$ cat start_5.cif   # mmCIF, C-alpha atoms and all ligand atoms
data_upload
#
loop_
_atom_site.label_atom_id
_atom_site.label_comp_id
_atom_site.auth_asym_id
_atom_site.auth_seq_id
_atom_site.Cartn_x
_atom_site.Cartn_y
_atom_site.Cartn_z
CA MET A 1 82.37 111.33 121.97
CA PHE A 2 79.04 109.55 122.18
CA ASN A 3 79.74 108.38 125.72
CA SER A 4 80.05 112.01 126.82
CA THR A 5 76.32 112.34 126.14
CA LEU A 6 75.63 109.51 128.62
CA THR A 7 78.23 109.84 131.38
CA GLU A 8 76.91 111.51 134.52
CA ASP A 9 79.50 113.69 136.22
CA GLU A 10 78.38 117.16 137.28
CA ARG A 11 81.90 118.41 138.01
CA SER A 12 82.87 117.80 134.39
CA HIS A 13 79.61 119.25 133.02
CA LEU A 14 78.43 115.81 131.95
CA PRO A 15 76.31 114.54 130.32
CA VAL A 16 76.54 116.89 127.34
CA ASP A 17 73.64 117.43 124.90
CA GLY A 18 75.67 116.70 121.82
CA ALA A 19 79.18 115.94 120.65
CA ILE A 20 80.99 116.62 117.36
CA MET A 21 84.17 114.98 116.15
CA ILE A 22 86.39 116.07 113.26
CA THR A 23 87.94 112.98 111.74
CA ALA A 24 89.15 111.31 108.55
CA SER A 25 88.06 108.06 110.23
CA HIS A 26 89.93 105.20 108.50
CA LEU A 27 90.38 107.29 105.33
CA PRO A 28 93.49 109.20 104.13
CA TYR A 29 94.25 112.62 105.66
CA ASN A 30 92.58 114.62 102.90
CA ARG A 31 89.16 113.08 103.57
CA ASN A 32 88.18 114.64 106.88
CA GLY A 33 84.59 114.99 107.94
CA LEU A 34 82.36 115.62 110.95
CA LYS A 35 80.59 113.01 113.06
CA PHE A 36 77.70 114.14 115.26
CA PHE A 37 76.34 112.39 118.35
CA THR A 38 73.44 112.83 120.75
CA SER A 39 72.41 110.47 123.53
CA ASP A 40 70.41 108.54 120.91
CA GLY A 41 73.63 107.63 119.07
CA GLY A 42 75.38 108.86 115.93
CA LEU A 43 73.36 111.02 113.56
CA ASN A 44 72.50 109.40 110.24
CA LYS A 45 72.33 110.72 106.67
CA ALA A 46 68.82 112.13 107.05
CA ASP A 47 69.77 113.96 110.28
CA ILE A 48 72.86 115.48 108.65
CA LYS A 49 70.86 116.55 105.61
CA ASP A 50 68.40 118.23 107.97
CA ILE A 51 71.23 120.06 109.81
CA LEU A 52 72.75 121.26 106.52
CA GLU A 53 69.40 122.44 105.20
CA ARG A 54 68.66 124.35 108.38
CA ALA A 55 72.13 125.88 108.46
CA SER A 56 71.88 127.00 104.86
CA LYS A 57 68.42 128.51 105.56
CA ILE A 58 69.79 130.49 108.51
CA TYR A 59 72.66 131.65 106.32
CA GLU A 60 70.35 132.75 103.51
CA GLU A 61 67.94 134.50 105.86
CA SER A 62 70.60 136.52 107.59
CA ALA A 63 72.11 139.40 105.70
CA HIS A 64 75.72 138.55 104.99
CA ASN A 65 77.26 141.36 107.02
CA ASN A 66 75.05 140.58 110.00
CA LEU A 67 76.49 137.13 110.47
CA LYS A 68 79.57 138.34 112.29
CA GLU A 69 77.46 140.41 114.67
CA GLN A 70 75.12 137.50 115.34
CA GLY A 71 78.09 135.27 116.01
CA GLU A 72 79.43 137.75 118.54
CA ALA A 73 76.04 138.00 120.26
CA SER A 74 75.60 134.24 120.61
CA LYS A 75 79.09 133.51 121.92
CA GLY A 76 79.01 130.90 124.69
CA VAL A 77 81.50 129.81 127.30
CA VAL A 78 84.23 127.34 126.46
CA THR A 79 85.27 124.94 129.19
CA ASN A 80 87.92 122.31 128.63
CA VAL A 81 87.11 118.94 130.17
CA ASP A 82 89.44 115.95 130.25
CA TYR A 83 86.75 113.57 129.13
CA MET A 84 89.22 110.97 127.84
CA SER A 85 90.39 110.19 131.38
CA ILE A 86 86.82 109.61 132.53
CA TYR A 87 86.04 107.39 129.55
CA ALA A 88 89.31 105.42 129.85
CA SER A 89 88.82 104.82 133.56
CA ASP A 90 85.45 103.17 132.79
CA LEU A 91 87.27 100.82 130.40
CA VAL A 92 89.85 100.03 133.09
CA GLN A 93 87.09 99.31 135.64
CA ALA A 94 85.40 96.91 133.21
CA VAL A 95 88.56 94.81 132.85
CA ARG A 96 89.21 94.84 136.61
CA LYS A 97 85.67 93.66 137.23
CA SER A 98 86.06 90.68 134.92
CA ALA A 99 89.10 89.61 136.99
CA GLY A 100 87.34 89.75 140.35
CA ASP A 101 88.32 93.40 140.97
CA LYS A 102 92.04 92.69 140.76
CA GLU A 103 93.93 96.01 140.46
CA LYS A 104 96.42 94.86 137.80
CA PRO A 105 94.85 91.85 136.08
CA LEU A 106 97.13 92.15 133.03
CA GLU A 107 100.36 92.25 135.06
CA GLU A 108 103.35 91.21 132.93
CA LEU A 109 101.25 90.63 129.85
CA HIS A 110 103.04 92.28 126.93
CA ILE A 111 100.59 94.13 124.67
CA VAL A 112 101.67 96.41 121.82
CA VAL A 113 99.35 99.01 120.36
CA ASP A 114 99.52 100.60 116.89
CA ALA A 115 97.38 103.74 116.84
CA GLY A 116 98.48 104.66 113.32
CA ASN A 117 98.96 108.28 114.52
CA GLY A 118 95.22 108.50 115.11
CA ALA A 119 93.41 109.09 118.40
CA GLY A 120 93.92 105.60 119.88
CA GLY A 121 97.28 106.22 121.58
CA PHE A 122 95.51 106.90 124.91
CA PHE A 123 94.86 103.16 125.18
CA VAL A 124 98.49 102.59 126.21
CA ASP A 125 98.83 105.08 129.07
CA LYS A 126 95.25 105.30 130.20
CA VAL A 127 94.03 101.70 129.83
CA LEU A 128 96.80 99.11 129.47
CA LYS A 129 99.39 100.53 131.87
CA PRO A 130 96.96 100.99 134.78
CA LEU A 131 95.97 97.35 134.27
CA GLY A 132 99.60 96.30 134.65
CA ALA A 133 100.38 95.41 131.03
CA VAL A 134 103.85 95.92 129.54
CA THR A 135 103.47 98.08 126.43
CA THR A 136 106.99 98.53 125.06
CA GLY A 137 107.13 98.44 121.28
CA SER A 138 103.80 100.24 120.93
CA GLN A 139 103.97 102.54 117.93
CA PHE A 140 102.53 105.61 116.23
CA LEU A 141 100.78 106.74 119.38
CA GLU A 142 101.16 110.47 118.68
CA PRO A 143 98.26 111.95 116.70
CA ASP A 144 99.35 113.26 113.31
CA GLY A 145 96.63 114.05 110.80
CA LEU A 146 98.97 113.27 107.90
CA PHE A 147 99.31 109.65 109.06
CA PRO A 148 102.99 109.48 108.08
CA ASN A 149 103.45 105.77 108.85
CA HIS A 150 100.46 103.96 107.42
CA ILE A 151 96.76 104.47 106.87
CA PRO A 152 95.18 103.63 110.22
CA ASN A 153 92.69 101.00 109.15
CA PRO A 154 92.59 97.41 110.43
CA GLU A 155 91.11 96.32 107.10
CA ASP A 156 94.22 97.53 105.32
CA LYS A 157 96.87 94.88 104.62
CA THR A 158 99.80 97.29 105.17
CA ALA A 159 98.42 98.46 108.51
CA MET A 160 98.00 94.85 109.65
CA LYS A 161 101.57 94.08 108.56
CA PHE A 162 102.85 96.89 110.79
CA ILE A 163 101.15 95.63 113.95
CA THR A 164 101.98 91.99 113.19
CA GLN A 165 105.65 92.89 112.80
CA ALA A 166 105.55 94.86 116.06
CA VAL A 167 104.14 91.80 117.89
CA LEU A 168 106.80 89.48 116.46
CA ASP A 169 109.71 91.92 116.93
CA ASN A 170 108.78 92.54 120.55
CA LYS A 171 107.77 88.93 121.27
CA ALA A 172 104.54 90.41 122.60
CA ASP A 173 101.55 88.43 123.84
CA LEU A 174 99.05 90.48 121.89
CA GLY A 175 98.85 93.33 119.39
CA ILE A 176 96.02 95.86 119.12
CA ILE A 177 95.40 98.23 116.22
CA PHE A 178 92.88 101.05 115.89
CA ASP A 179 91.71 103.25 113.05
CA THR A 180 91.97 107.03 113.36
CA ASP A 181 88.92 107.64 115.51
CA VAL A 182 88.94 104.25 117.25
CA ASP A 183 85.64 102.99 115.89
CA ARG A 184 87.46 100.18 114.10
CA SER A 185 89.90 97.82 115.78
CA ALA A 186 91.61 94.47 115.38
CA ALA A 187 94.14 92.31 117.23
CA VAL A 188 97.09 90.03 116.51
CA ASP A 189 97.93 86.99 118.64
CA SER A 190 101.39 86.14 120.00
CA ARG A 191 102.24 84.03 116.94
CA GLY A 192 101.43 86.93 114.62
CA ARG A 193 98.06 85.58 113.55
CA GLU A 194 95.74 88.40 112.57
CA LEU A 195 92.47 88.60 114.46
CA ASN A 196 90.62 90.87 112.09
CA ARG A 197 87.81 90.63 109.49
CA ASN A 198 85.86 87.33 109.71
CA ARG A 199 88.19 86.03 112.45
CA LEU A 200 87.48 88.99 114.73
CA ILE A 201 83.74 88.63 114.18
CA ALA A 202 84.06 84.91 115.01
CA LEU A 203 85.98 85.79 118.17
CA MET A 204 83.50 88.43 119.28
CA ALA A 205 80.63 86.07 118.43
CA ALA A 206 82.23 83.38 120.62
CA ILE A 207 82.49 85.82 123.55
CA VAL A 208 78.99 87.24 123.11
CA LEU A 209 77.37 83.83 122.58
CA GLU A 210 78.89 82.57 125.83
CA GLU A 211 77.11 85.45 127.56
CA HIS A 212 73.90 85.23 125.51
CA PRO A 213 73.39 81.69 124.19
CA GLY A 214 71.47 81.43 120.92
CA THR A 215 71.61 85.14 120.12
CA THR A 216 71.66 86.51 116.58
CA VAL A 217 74.87 88.02 115.24
CA VAL A 218 74.27 90.64 112.56
CA THR A 219 77.12 91.20 110.09
CA ASP A 220 77.81 93.00 106.85
CA SER A 221 77.35 91.38 103.45
CA VAL A 222 80.96 90.43 102.71
CA THR A 223 81.31 87.93 105.57
CA SER A 224 82.34 84.41 104.65
CA ASP A 225 80.26 81.25 104.41
CA GLY A 226 82.69 79.74 106.95
CA LEU A 227 81.62 82.37 109.47
CA THR A 228 77.96 81.32 109.15
CA VAL A 229 78.87 77.67 109.75
CA PHE A 230 81.00 78.67 112.75
CA ILE A 231 78.34 80.86 114.39
CA GLU A 232 75.49 78.46 113.74
CA ASN A 233 77.05 75.00 114.09
CA LYS A 234 79.88 75.58 116.54
CA LEU A 235 78.52 78.40 118.67
CA GLY A 236 74.79 77.63 118.43
CA GLY A 237 73.89 81.19 117.45
CA LYS A 238 72.23 82.65 114.38
CA HIS A 239 74.10 84.52 111.68
CA HIS A 240 72.12 87.29 110.02
CA ARG A 241 74.17 88.52 107.07
CA PHE A 242 72.91 91.98 106.17
CA LYS A 243 74.31 94.91 104.20
CA ARG A 244 77.67 96.65 104.14
CA GLY A 245 77.92 99.79 106.30
CA TYR A 246 78.33 99.81 110.06
CA LYS A 247 75.22 101.92 110.53
CA ASN A 248 73.17 99.51 108.42
CA VAL A 249 74.40 96.58 110.49
CA ILE A 250 73.74 98.31 113.82
CA ASP A 251 70.30 99.56 112.79
CA GLU A 252 69.39 96.06 111.63
CA ALA A 253 70.36 94.56 115.02
CA ILE A 254 68.23 97.20 116.76
CA ARG A 255 65.34 96.43 114.41
CA LEU A 256 65.61 92.68 115.07
CA ASN A 257 65.42 93.28 118.82
CA SER A 258 62.39 95.49 118.30
CA ILE A 259 60.54 92.68 116.53
CA GLY A 260 61.45 90.16 119.21
CA GLU A 261 64.59 88.56 117.73
CA GLU A 262 67.33 88.90 120.34
CA SER A 263 70.62 90.25 119.06
CA HIS A 264 73.61 91.45 121.11
CA LEU A 265 76.28 91.92 118.46
CA ALA A 266 76.39 93.86 115.19
CA MET A 267 79.69 93.69 113.39
CA GLU A 268 81.38 94.43 110.10
CA THR A 269 84.46 92.83 108.53
CA SER A 270 85.85 96.40 108.53
CA GLY A 271 86.41 96.10 112.29
CA HIS A 272 83.39 98.18 113.35
CA GLY A 273 81.60 96.25 116.07
CA ALA A 274 78.77 97.29 118.37
CA LEU A 275 77.28 95.57 121.39
CA LYS A 276 73.84 95.99 122.85
CA GLU A 277 75.42 96.26 126.33
CA ASN A 278 77.42 99.30 125.11
CA HIS A 279 74.44 101.26 123.72
CA TRP A 280 75.07 99.90 120.21
CA LEU A 281 78.08 102.15 119.84
CA ASP A 282 80.76 101.05 117.38
CA ASP A 283 83.54 101.62 119.87
CA GLY A 284 86.80 99.93 118.85
CA ALA A 285 88.31 100.41 122.31
CA TYR A 286 85.35 98.68 123.92
CA LEU A 287 85.72 95.72 121.53
CA MET A 288 89.34 95.36 122.58
CA VAL A 289 88.27 95.62 126.23
CA LYS A 290 86.01 92.59 125.65
CA LEU A 291 89.16 90.70 124.55
CA LEU A 292 91.11 92.02 127.55
CA ASN A 293 88.29 90.85 129.84
CA LYS A 294 88.76 87.33 128.51
CA LEU A 295 92.52 87.52 129.04
CA ALA A 296 92.16 89.03 132.51
CA ALA A 297 89.63 86.40 133.61
CA ALA A 298 91.84 83.60 132.26
CA ARG A 299 94.91 84.99 134.04
CA THR A 300 93.19 84.72 137.40
CA LEU A 301 93.57 80.95 136.82
CA GLY A 302 97.23 81.06 135.77
CA SER A 303 99.61 83.92 135.10
CA SER A 304 101.22 82.27 132.07
CA ILE A 305 97.98 82.38 130.09
CA GLY A 306 98.29 84.62 127.04
CA SER A 307 96.51 85.26 123.77
CA LYS A 308 96.00 81.51 123.23
CA VAL A 309 92.68 81.84 125.09
CA LEU A 310 91.55 84.12 122.27
CA THR A 311 93.01 82.03 119.45
CA ASP A 312 91.35 78.92 120.89
CA LEU A 313 87.96 80.63 120.70
CA VAL A 314 88.16 80.80 116.89
CA GLU A 315 89.32 77.20 116.56
CA GLY A 316 87.21 75.48 113.89
CA LEU A 317 86.48 78.59 111.82
CA GLU A 318 86.78 77.49 108.19
CA GLU A 319 88.69 80.00 106.12
CA ALA A 320 89.12 80.34 102.39
CA ASP A 321 92.64 80.06 101.01
CA VAL A 322 92.00 82.81 98.51
CA THR A 323 90.26 86.06 99.46
CA VAL A 324 90.14 88.95 97.00
CA GLU A 325 88.42 92.29 96.73
CA ILE A 326 88.45 93.98 93.34
CA ARG A 327 86.83 97.39 92.98
CA LEU A 328 85.33 98.05 89.53
CA LYS A 329 85.02 101.78 88.85
CA ILE A 330 82.09 103.26 86.96
CA ASP A 331 83.09 106.17 84.71
CA GLN A 332 80.35 108.66 85.53
CA ASN A 333 81.03 110.69 82.39
CA HIS A 334 80.78 107.78 80.00
CA ALA A 335 78.17 108.05 77.25
CA ASP A 336 76.81 104.61 78.17
CA LEU A 337 75.30 106.13 81.34
CA LYS A 338 73.08 108.17 78.99
CA GLY A 339 73.03 110.99 81.50
CA GLY A 340 71.73 108.70 84.27
CA SER A 341 73.27 108.18 87.71
CA PHE A 342 76.08 105.75 88.44
CA ARG A 343 73.74 104.05 90.88
CA ASP A 344 71.20 103.26 88.15
CA TYR A 345 74.04 102.05 85.94
CA GLY A 346 75.40 99.85 88.74
CA GLU A 347 71.94 98.43 89.36
CA SER A 348 71.60 97.46 85.71
CA VAL A 349 74.99 95.71 85.85
CA LEU A 350 73.78 93.76 88.88
CA ARG A 351 70.48 92.81 87.21
CA HIS A 352 72.34 91.61 84.13
CA LEU A 353 74.74 89.54 86.24
CA GLU A 354 71.86 87.99 88.17
CA ASN A 355 70.23 86.98 84.93
CA ALA A 356 73.44 85.50 83.53
CA ILE A 357 74.03 83.50 86.72
CA SER A 358 70.61 81.86 86.58
CA LYS A 359 71.66 80.21 83.26
CA ASP A 360 74.91 78.76 84.64
CA PRO A 361 74.47 75.29 86.23
CA ASN A 362 77.72 75.67 88.22
CA LEU A 363 76.47 78.71 90.09
CA ARG A 364 73.76 79.17 92.69
CA LYS A 365 72.33 82.47 93.89
CA ALA A 366 72.32 82.86 97.69
CA PRO A 367 68.76 82.09 98.84
CA VAL A 368 68.75 85.00 101.29
CA ASN A 369 70.69 88.11 100.34
CA HIS A 370 70.18 91.74 101.24
CA GLU A 371 72.65 93.47 98.96
CA GLY A 372 74.04 93.02 95.46
CA VAL A 373 74.40 89.60 93.86
CA ARG A 374 75.87 86.84 96.04
CA VAL A 375 76.58 83.53 94.37
CA SER A 376 78.04 80.16 95.45
CA GLY A 377 79.98 77.88 93.13
CA TYR A 378 83.31 76.07 92.63
CA GLY A 379 83.52 75.56 96.39
CA GLY A 380 83.51 79.30 97.04
CA TRP A 381 81.40 82.40 96.59
CA PHE A 382 81.38 85.91 95.19
CA LEU A 383 79.46 89.08 95.93
CA LEU A 384 79.14 92.00 93.54
CA ARG A 385 77.44 95.08 95.02
CA LEU A 386 77.32 98.84 94.79
CA SER A 387 79.70 100.76 97.04
CA LEU A 388 77.98 102.75 99.77
CA HIS A 389 79.69 105.99 98.75
CA ASP A 390 81.69 105.74 95.55
CA PRO A 391 80.92 105.09 91.87
CA VAL A 392 82.34 101.62 92.30
CA LEU A 393 81.14 98.02 92.22
CA PRO A 394 83.24 96.12 94.77
CA LEU A 395 83.64 92.42 93.97
CA ASN A 396 84.54 90.02 96.78
CA ILE A 397 85.62 86.49 95.93
CA GLU A 398 86.50 83.67 98.32
CA ALA A 399 87.57 80.20 97.19
CA GLN A 400 89.71 77.28 98.28
CA SER A 401 92.14 77.65 95.36
CA ASN A 402 93.25 80.30 92.92
CA ASP A 403 91.82 78.29 90.03
CA ASP A 404 88.40 78.24 91.64
CA ALA A 405 88.59 81.97 92.44
CA ILE A 406 89.45 82.61 88.79
CA LYS A 407 86.45 80.55 87.63
CA LEU A 408 84.21 82.74 89.81
CA GLY A 409 85.94 85.87 88.48
CA LEU A 410 85.42 84.71 84.89
CA ALA A 411 81.69 84.24 85.50
CA VAL A 412 81.47 87.86 86.66
CA LEU A 413 83.69 89.15 83.87
CA ALA A 414 81.58 87.48 81.16
CA ALA A 415 78.52 89.35 82.41
CA VAL A 416 80.03 92.76 83.21
CA ASN A 417 82.11 92.97 80.03
CA GLU A 418 79.03 94.23 78.24
CA PHE A 419 79.10 97.50 80.21
CA PRO A 420 81.67 99.86 78.64
CA ALA A 421 81.50 102.46 81.45
CA LEU A 422 82.77 99.86 83.91
CA ASP A 423 86.55 99.63 84.32
CA VAL A 424 87.25 95.89 84.42
CA THR A 425 91.06 96.17 84.11
CA ALA A 426 91.71 94.81 87.61
CA LEU A 427 89.32 91.91 87.13
CA ASN A 428 90.86 91.09 83.75
CA LYS A 429 94.29 91.10 85.35
CA PHE A 430 93.08 88.80 88.12
CA VAL A 431 91.54 86.17 85.85
CA HIS A 432 94.47 86.19 83.41
CA GLN A 433 97.22 86.09 86.05
O1 LIG B 1 80.84 100.22 100.10
P1 LIG B 1 82.29 100.49 100.31
O2 LIG B 1 82.85 101.50 99.36
O3 LIG B 1 83.09 99.21 100.30
O4 LIG B 1 82.47 101.15 101.73
C1 LIG B 1 81.79 100.64 102.82
C2 LIG B 1 82.30 101.22 104.11
O5 LIG B 1 82.11 102.60 104.10
C3 LIG B 1 82.49 103.29 105.26
O6 LIG B 1 83.84 103.21 105.33
C4 LIG B 1 81.86 102.76 106.51
O7 LIG B 1 82.53 103.25 107.64
C5 LIG B 1 81.91 101.28 106.58
O8 LIG B 1 81.04 100.89 107.57
C6 LIG B 1 81.52 100.65 105.27
O9 LIG B 1 81.71 99.29 105.31
#

$ encode --input "start_5.cif" --output "structure tokens"
Amino acid sequence: MFNSTLTEDERSHLPVDGAIMITASHLPYNRNGLKFFTSDGGLNKADIKDILERASKIYEESAHNNLKEQGEASKGVVTNVDYMSIYASDLVQAVRKSAGDKEKPLEELHIVVDAGNGAGGFFVDKVLKPLGAVTTGSQFLEPDGLFPNHIPNPEDKTAMKFITQAVLDNKADLGIIFDTDVDRSAAVDSRGRELNRNRLIALMAAIVLEEHPGTTVVTDSVTSDGLTVFIENKLGGKHHRFKRGYKNVIDEAIRLNSIGEESHLAMETSGHGALKENHWLDDGAYLMVKLLNKLAAARTLGSSIGSKVLTDLVEGLEEADVTVEIRLKIDQNHADLKGGSFRDYGESVLRHLENAISKDPNLRKAPVNHEGVRVSGYGGWFLLRLSLHDPVLPLNIEAQSNDDAIKLGLAVLAAVNEFPALDVTALNKFVHQ
């Protein structure tokens, strides 16, 4: 969508002034929304508020029965343009270029795609096949807004199981999965190893840091400590852990560049990733093209080279044995909120936790932290923060053993237990497993 505001092609009426997409994104089918783009990028909350306010003013100012007439009068011309083919052919060209302009640089490489019945099915016919890849075993390529097979979200364990199984069943070299509107993506290597979350950020960081040594990688707040060590010690870059929310991460990377700190990659564990070279657009297909470029370039040296070139790039990334996310709901109608907002309530939970932590010698608050309360201890860490959208406090815990993860969970539970509007059932279950 966004690219249609930049592509120059007079015959196809491009570039357009604006683009609108109807999508549930990675969410279930009953949570559709609209995404708006201009050539400056995706519109943010303030822009959308402005649009809604203006629209409601126009509605109020016009007499109800006049609206239909006005609509008739302002009718424009509708022209259908096959923009997807134009966009996809740019992706194809990028991969060819990285392989010295070879027409079919992925010849005989077996790549399966799981589009989760979202919009990503085009990647098979319009990108992979023209590059010579074998795509048998690709699944759920037909768009279906009810997502009958699984929720299309590379952060979702079930979704990742589907693509991993498809790779193993088909003995494929690589698996690729997209969310509904292809702004999130992830991969699976030939052995069925998931390249998502921290691992995908590490992989993208390795690729980007080869091109831009020393650059800063901006990520969301739930990235692991192992990722920082990997980016800084192994790759020689800088890891700037910021807030959750792809827009927050992207805007922060843009801000860093504007104050003289070079950054080329902004990425979330959710699978949203944006590159400076691609106008800071969180384009999941473009991320996968960066992986294909690596594969294509490697295959110019030997046709048996497969996804190992990607797996090797994340060699040395330390990963926690236990990774949990527990979402603690705030009951907005509970008397303990005293009529206040769930945000204020959540903030007071966080302040209380911060205070409790400072008295515990086993725990250490992260020296730099931009969101919620992040704490190290028992060889791991936890982060408790407010959800971007919901009345929820998500808790992320990473540790090297279940016992250590439970110790971290208990520290949180002791502090949050004092807040009756917070549903701690899931946390209780976790620590008493
Ligand atoms: O704060 P949470 O509820 O975990 O949700 C956070 C997520 O919200 C949306 O899905 C955005 O697309 C993501 O960029 C963000 O990470």

$ closest_residue --input "start_5.cif" --among "A:Leu287, A:Leu317, A:Ala88, A:Ile58" --to "Asn233 in chain A" --atoms "only C-alpha atoms"
A:Leu317

$ residues_near_ligand --input "start_5.cif" --ligand "ligand LIG 1 (chain B)" --cutoff "9 Å" --atoms "all atoms listed in the file" --output "PyMOL selection string"
chain A and resi 25-27+183-184+220+243-249+268-272+327+385-394

$ closest_residue --input "start_5.cif" --among "A:Lys290, A:Arg54, A:His279, A:Arg11" --to "Thr79 in chain A" --atoms "all atoms listed in the file"
A:Arg11

$ atom_distance --input "start_5.cif" --atom1 "CA of Glu232 in chain A" --atom2 "CA of Ile259 in chain A"
20.8 Å

$ closest_residue --input "start_5.cif" --among "A:Ile176, A:Val127, A:Ile51, A:Val229" --to "Gln139 in chain A" --atoms "only C-alpha atoms"
A:Ile176
